[in-house]
$ cat my_file-v1.csv   # CSV, C-alpha atoms
chain,number,residue,atom,x,y,z
A,1,GLY,CA,-88.6,-81.8,144.2
A,2,ALA,CA,-85.6,-82.3,146.4
A,3,GLY,CA,-82.5,-80.2,145.7
A,4,VAL,CA,-78.8,-81.2,146.1
A,5,SER,CA,-78.2,-82.5,149.6
A,6,GLN,CA,-74.8,-82.8,151.4
A,7,SER,CA,-73.8,-84.6,154.5
A,8,PRO,CA,-72.6,-83.9,157.1
A,9,SER,CA,-73.4,-80.3,157.3
A,10,ASN,CA,-70.5,-79.8,159.7
A,11,LYS,CA,-67.5,-81.9,160.3
A,12,VAL,CA,-64.7,-81.3,162.9
A,13,THR,CA,-61.7,-83.6,162.6
A,14,GLU,CA,-58.2,-83.8,163.9
A,15,LYS,CA,-55.2,-83.2,161.8
A,16,GLY,CA,-54.1,-86.4,160.1
A,17,LYS,CA,-57.5,-88.1,160.1
A,18,ASP,CA,-59.4,-89.1,156.9
A,19,VAL,CA,-62.8,-87.6,156.2
A,20,GLU,CA,-65.6,-88.5,153.7
A,21,LEU,CA,-68.1,-85.9,152.4
A,22,ARG,CA,-71.2,-87.0,150.7
A,23,CYS,CA,-73.3,-85.4,147.9
A,24,ASP,CA,-76.7,-86.5,146.7
A,25,PRO,CA,-77.4,-84.7,143.4
A,26,ILE,CA,-80.8,-83.9,141.9
A,27,SER,CA,-82.3,-87.0,140.5
A,28,GLY,CA,-81.6,-87.3,136.8
A,29,HIS,CA,-78.8,-84.8,136.7
A,30,THR,CA,-75.9,-86.2,134.7
A,31,ALA,CA,-73.2,-83.8,135.8
A,32,LEU,CA,-71.8,-83.4,139.3
A,33,TYR,CA,-69.2,-80.9,140.5
A,34,TRP,CA,-67.3,-80.3,143.7
A,35,TYR,CA,-66.0,-76.9,144.7
A,36,ARG,CA,-64.3,-75.6,147.8
A,37,GLN,CA,-64.9,-72.3,149.4
A,38,SER,CA,-62.2,-71.0,151.8
A,39,LEU,CA,-61.2,-67.6,153.1
A,40,GLY,CA,-57.8,-67.7,151.5
A,41,GLN,CA,-58.7,-69.2,148.1
A,42,GLY,CA,-62.3,-68.1,147.5
A,43,LEU,CA,-64.4,-70.5,145.4
A,44,GLU,CA,-62.4,-73.0,143.5
A,45,PHE,CA,-63.3,-76.0,141.3
A,46,LEU,CA,-62.2,-79.4,142.5
A,47,ILE,CA,-63.6,-82.2,140.3
A,48,TYR,CA,-66.3,-82.9,137.7
A,49,PHE,CA,-68.2,-86.0,136.8
A,50,GLN,CA,-70.3,-86.4,133.7
A,51,GLY,CA,-72.1,-89.7,133.0
A,52,ASN,CA,-69.6,-92.6,132.4
A,53,SER,CA,-66.8,-90.3,131.2
A,54,ALA,CA,-63.5,-90.1,133.0
A,55,PRO,CA,-63.8,-87.4,135.7
A,56,ASP,CA,-62.0,-84.1,135.3
A,57,LYS,CA,-59.7,-84.0,138.4
A,58,SER,CA,-57.7,-81.0,137.4
A,59,GLY,CA,-58.8,-78.9,140.4
A,60,LEU,CA,-57.8,-81.4,143.1
A,61,PRO,CA,-55.1,-79.7,145.2
A,62,SER,CA,-53.2,-82.8,146.1
A,63,ASP,CA,-53.2,-86.6,146.0
A,64,ARG,CA,-54.7,-86.6,149.4
A,65,PHE,CA,-58.0,-85.7,147.7
A,66,SER,CA,-60.1,-88.1,145.8
A,67,ALA,CA,-63.7,-88.5,144.7
A,68,GLU,CA,-65.9,-91.1,143.3
A,69,ARG,CA,-69.4,-91.2,141.9
A,70,THR,CA,-71.3,-94.5,142.2
A,71,GLY,CA,-74.0,-95.5,139.8
A,72,GLY,CA,-74.0,-92.0,138.2
A,73,SER,CA,-75.6,-90.6,141.3
A,74,VAL,CA,-74.2,-90.2,144.8
A,75,SER,CA,-70.7,-88.8,145.1
A,76,THR,CA,-68.2,-89.0,147.9
A,77,LEU,CA,-65.2,-86.7,148.3
A,78,THR,CA,-62.5,-88.2,150.5
A,79,ILE,CA,-59.6,-86.3,152.1
A,80,GLN,CA,-56.9,-88.4,153.5
A,81,ARG,CA,-54.5,-87.2,156.3
A,82,THR,CA,-56.3,-83.9,156.7
A,83,GLN,CA,-54.3,-80.7,157.2
A,84,GLN,CA,-55.4,-77.4,158.7
A,85,GLU,CA,-55.4,-75.8,155.3
A,86,ASP,CA,-58.1,-78.2,154.2
A,87,SER,CA,-60.6,-76.3,156.5
A,88,ALA,CA,-63.2,-74.9,154.2
A,89,VAL,CA,-66.8,-75.3,153.0
A,90,TYR,CA,-67.1,-78.0,150.4
A,91,LEU,CA,-69.9,-77.4,147.9
A,92,CYS,CA,-71.4,-79.9,145.6
A,93,ALA,CA,-73.4,-78.9,142.5
A,94,SER,CA,-75.3,-80.9,139.8
A,95,SER,CA,-76.7,-80.0,136.4
A,96,LEU,CA,-78.5,-81.6,133.5
A,97,ALA,CA,-75.7,-81.6,130.9
A,98,ILE,CA,-76.3,-84.1,128.2
A,99,PHE,CA,-74.0,-83.5,125.3
A,100,GLY,CA,-75.7,-81.4,122.8
A,101,ARG,CA,-78.2,-80.0,125.3
A,102,SER,CA,-77.2,-78.2,128.4
A,103,SER,CA,-79.1,-76.1,130.9
A,104,TYR,CA,-75.8,-74.3,131.9
A,105,GLU,CA,-77.3,-74.1,135.3
A,106,GLN,CA,-75.6,-75.7,138.3
A,107,TYR,CA,-77.7,-76.3,141.4
A,108,PHE,CA,-75.7,-76.1,144.6
A,109,GLY,CA,-76.1,-77.9,147.8
A,110,PRO,CA,-75.8,-76.2,151.2
A,111,GLY,CA,-72.2,-77.4,151.7
A,112,THR,CA,-70.2,-79.2,154.3
A,113,ARG,CA,-68.2,-77.1,156.6
A,114,LEU,CA,-65.0,-78.9,157.4
A,115,THR,CA,-62.8,-77.8,160.3
A,116,VAL,CA,-59.4,-79.5,160.9
A,117,THR,CA,-58.0,-78.9,164.4
B,1,ALA,CA,-57.3,-70.1,131.0
B,2,GLN,CA,-60.2,-67.8,132.1
B,3,SER,CA,-60.5,-65.5,135.0
B,4,VAL,CA,-63.0,-63.2,136.7
B,5,THR,CA,-62.4,-59.9,138.5
B,6,GLN,CA,-65.0,-58.4,140.7
B,7,LEU,CA,-64.3,-54.8,141.7
B,8,GLY,CA,-65.2,-54.0,145.2
B,9,SER,CA,-65.3,-56.7,147.8
B,10,HIS,CA,-67.9,-54.7,149.8
B,11,VAL,CA,-70.6,-52.5,148.4
B,12,SER,CA,-73.1,-50.5,150.4
B,13,VAL,CA,-76.3,-48.9,149.0
B,14,SER,CA,-79.3,-47.3,150.5
B,15,GLU,CA,-82.6,-49.1,150.3
B,16,GLY,CA,-84.3,-48.0,147.1
B,17,ALA,CA,-81.1,-47.0,145.4
B,18,LEU,CA,-79.5,-48.5,142.3
B,19,VAL,CA,-77.4,-51.6,142.8
B,20,LEU,CA,-74.3,-52.0,140.6
B,21,LEU,CA,-71.9,-54.8,141.1
B,22,ARG,CA,-69.0,-55.0,138.6
B,23,CYS,CA,-67.6,-58.0,136.9
B,24,ASN,CA,-64.9,-58.3,134.3
B,25,TYR,CA,-63.7,-61.5,132.7
B,26,SER,CA,-60.9,-62.8,130.7
B,27,SER,CA,-61.3,-65.6,128.3
B,28,SER,CA,-59.7,-66.7,125.0
B,29,VAL,CA,-62.9,-68.2,123.7
B,30,PRO,CA,-66.5,-67.0,123.9
B,31,PRO,CA,-67.6,-67.2,127.6
B,32,TYR,CA,-70.6,-68.3,129.4
B,33,LEU,CA,-71.2,-65.9,132.3
B,34,PHE,CA,-73.1,-66.2,135.5
B,35,TRP,CA,-74.1,-64.4,138.6
B,36,TYR,CA,-74.7,-66.4,141.8
B,37,VAL,CA,-76.0,-65.1,145.1
B,38,GLN,CA,-75.1,-66.6,148.5
B,39,TYR,CA,-77.1,-65.9,151.6
B,40,PRO,CA,-75.5,-66.6,155.0
B,41,ASN,CA,-74.9,-70.3,155.7
B,42,GLN,CA,-76.5,-71.3,152.4
B,43,GLY,CA,-75.3,-72.6,149.1
B,44,LEU,CA,-75.1,-70.7,145.9
B,45,GLN,CA,-78.3,-69.7,143.9
B,46,LEU,CA,-78.2,-68.8,140.3
B,47,LEU,CA,-79.4,-65.2,139.6
B,48,LEU,CA,-78.9,-65.1,135.9
B,49,LYS,CA,-76.8,-66.4,133.1
B,50,TYR,CA,-75.6,-65.4,129.6
B,51,THR,CA,-74.8,-68.1,127.1
B,52,THR,CA,-75.8,-66.9,123.7
B,53,GLY,CA,-78.2,-64.5,122.1
B,54,ALA,CA,-79.5,-61.4,123.8
B,55,THR,CA,-76.8,-59.6,125.6
B,56,LEU,CA,-79.1,-58.1,128.2
B,57,VAL,CA,-80.3,-60.9,130.5
B,58,LYS,CA,-82.9,-60.7,133.2
B,59,GLY,CA,-82.8,-62.9,136.3
B,60,ILE,CA,-84.6,-63.5,139.5
B,61,ASN,CA,-85.5,-60.9,142.1
B,62,GLY,CA,-85.3,-58.0,139.6
B,63,PHE,CA,-81.7,-58.3,138.7
B,64,GLU,CA,-80.3,-58.0,135.3
B,65,ALA,CA,-76.9,-58.0,133.6
B,66,GLU,CA,-75.5,-57.0,130.3
B,67,PHE,CA,-72.8,-58.8,128.4
B,68,LYS,CA,-70.4,-56.3,126.8
B,69,LYS,CA,-67.8,-58.1,124.7
B,70,SER,CA,-65.9,-55.0,123.9
B,71,GLU,CA,-65.5,-54.2,127.5
B,72,THR,CA,-65.2,-57.8,128.7
B,73,SER,CA,-67.8,-57.0,131.3
B,74,PHE,CA,-70.9,-58.5,132.8
B,75,HIS,CA,-72.0,-56.1,135.4
B,76,LEU,CA,-75.0,-56.8,137.6
B,77,THR,CA,-77.7,-54.2,138.3
B,78,LYS,CA,-81.0,-53.7,140.1
B,79,PRO,CA,-82.9,-50.5,139.9
B,80,SER,CA,-84.1,-50.4,143.5
B,81,ALA,CA,-82.4,-52.2,146.3
B,82,HIS,CA,-84.4,-54.1,148.9
B,83,MET,CA,-83.3,-55.1,152.3
B,84,SER,CA,-83.6,-58.8,151.3
B,85,ASP,CA,-80.8,-58.2,148.7
B,86,ALA,CA,-78.1,-58.2,151.3
B,87,ALA,CA,-75.9,-61.1,150.5
B,88,GLU,CA,-72.7,-62.1,148.8
B,89,TYR,CA,-72.6,-62.1,145.0
B,90,PHE,CA,-70.3,-64.1,142.8
B,91,CYS,CA,-69.6,-63.6,139.1
B,92,ALA,CA,-68.5,-66.7,137.3
B,93,VAL,CA,-67.3,-67.8,133.9
B,94,SER,CA,-67.2,-71.2,132.1
B,95,VAL,CA,-65.9,-71.7,128.6
B,96,SER,CA,-66.1,-75.4,127.8
B,97,PHE,CA,-69.3,-76.8,126.5
B,98,GLY,CA,-69.7,-80.2,128.0
B,99,ASN,CA,-67.5,-79.5,131.0
B,100,GLU,CA,-68.9,-76.3,132.5
B,101,LYS,CA,-66.7,-76.0,135.5
B,102,LEU,CA,-67.0,-72.5,136.9
B,103,THR,CA,-64.3,-70.1,137.6
B,104,PHE,CA,-65.5,-67.6,140.2
B,105,GLY,CA,-64.6,-64.1,141.1
B,106,THR,CA,-63.7,-63.3,144.7
B,107,GLY,CA,-67.2,-62.1,145.5
B,108,THR,CA,-68.9,-58.8,146.5
B,109,ARG,CA,-70.7,-58.5,149.8
B,110,LEU,CA,-73.7,-56.2,149.4
B,111,THR,CA,-75.0,-54.3,152.4
B,112,ILE,CA,-78.3,-52.4,152.2
B,113,ILE,CA,-78.6,-49.3,154.4
B,114,PRO,CA,-82.1,-48.7,155.7
$ encode --input "my_file-v1.csv" --output "structure tokens"
Amino acid sequence: GAGVSQSPSNKVTEKGKDVELRCDPISGHTALYWYRQSLGQGLEFLIYFQGNSAPDKSGLPSDRFSAERTGGSVSTLTIQRTQQEDSAVYLCASSLAIFGRSSYEQYFGPGTRLTVT
Amino acid sequence: AQSVTQLGSHVSVSEGALVLLRCNYSSSVPPYLFWYVQYPNQGLQLLLKYTTGATLVKGINGFEAEFKKSETSFHLTKPSAHMSDAAEYFCAVSVSFGNEKLTFGTGTRLTIIP
């Protein structure tokens, strides 16, 4: 079956522009995570969605970052007024995490490499 | 809060030699522990995980890790390195059932010497 897919694979944008990054999780996976991988900060958690529960946004670095998950499937991470420090690889992961039963296994997509010039 | 420390950002071993990548964690509650591997320009792939039960866990590609609570460690080993093992390895911890966000270590780049 298909794994987690992300688009675009690469994105170059000018400072101050808004960008949208897309994640298609594995079909049937209830949990979705966004992480960021950068040279300065390593791998860091951004946001978590689980079913219809309120998302855990505790990892978002500023209010310029937001994410939504429509219909419990596809997710979009939006960065407004991009800054050079936003340059990183943005990774999406999904897992089958139904309360009471969890695989504890997150499947990662290939990432979107964002470069802010 | 939890944290992960990986000793050695770069490790080189000869082909056929033992691979040992070190990971220590800090957590105020029982942790779930993971090792992920990342090949160039690819996403992360789960090698193995410890949640409960047996403390010695076996993963893919001949890797294994042992959870030692007394040492707060979860070191990754492989008896005999192969050229295809060259990659970056990340140790990670999660502590919250139902929201298993991962806290990662800084990674160890493994180089295999022919």
$ closest_residue --input "my_file-v1.csv" --among "A:Ala93, A:Leu32, A:Ala88, A:Leu46" --to "Phe65 (chain A)" --atoms "only C-alpha atoms"
A:Leu46
$ interface_residues --input "my_file-v1.csv" --of "chain A" --to "chain B" --cutoff "6 Å" --atoms "all atoms listed in the file" --output "PDB file with C-alpha atoms, keeping the file's coordinate frame"
ATOM      1  CA  GLY A  42     -62.300 -68.100 147.500  1.00  0.00           C
ATOM      2  CA  PHE A 108     -75.700 -76.100 144.600  1.00  0.00           C
ATOM      3  CA  GLY A 109     -76.100 -77.900 147.800  1.00  0.00           C
ATOM      4  CA  PRO A 110     -75.800 -76.200 151.200  1.00  0.00           C
TER       5      PRO A 110
END
$ residues_near_point --input "my_file-v1.csv" --point "(-65.2, -92.8, 134.1)" --cutoff "12 Å" --atoms "only C-alpha atoms" --output "list in words"
Tyr48, Phe49, Gln50, Gly51, Asn52, Ser53, Ala54, Pro55, Asp56, Lys57, Ala67, Glu68, Arg69, Thr70, Gly71 and Gly72 of chain A
$ atom_distance --input "my_file-v1.csv" --atom1 "CA of Val37 (chain B)" --atom2 "CA of Thr30 (chain A)"
23.5 Å
$ atom_distance --input "my_file-v1.csv" --atom1 "CA of Ala17 (chain B)" --atom2 "CA of Ile60 (chain B)"
17.9 Å
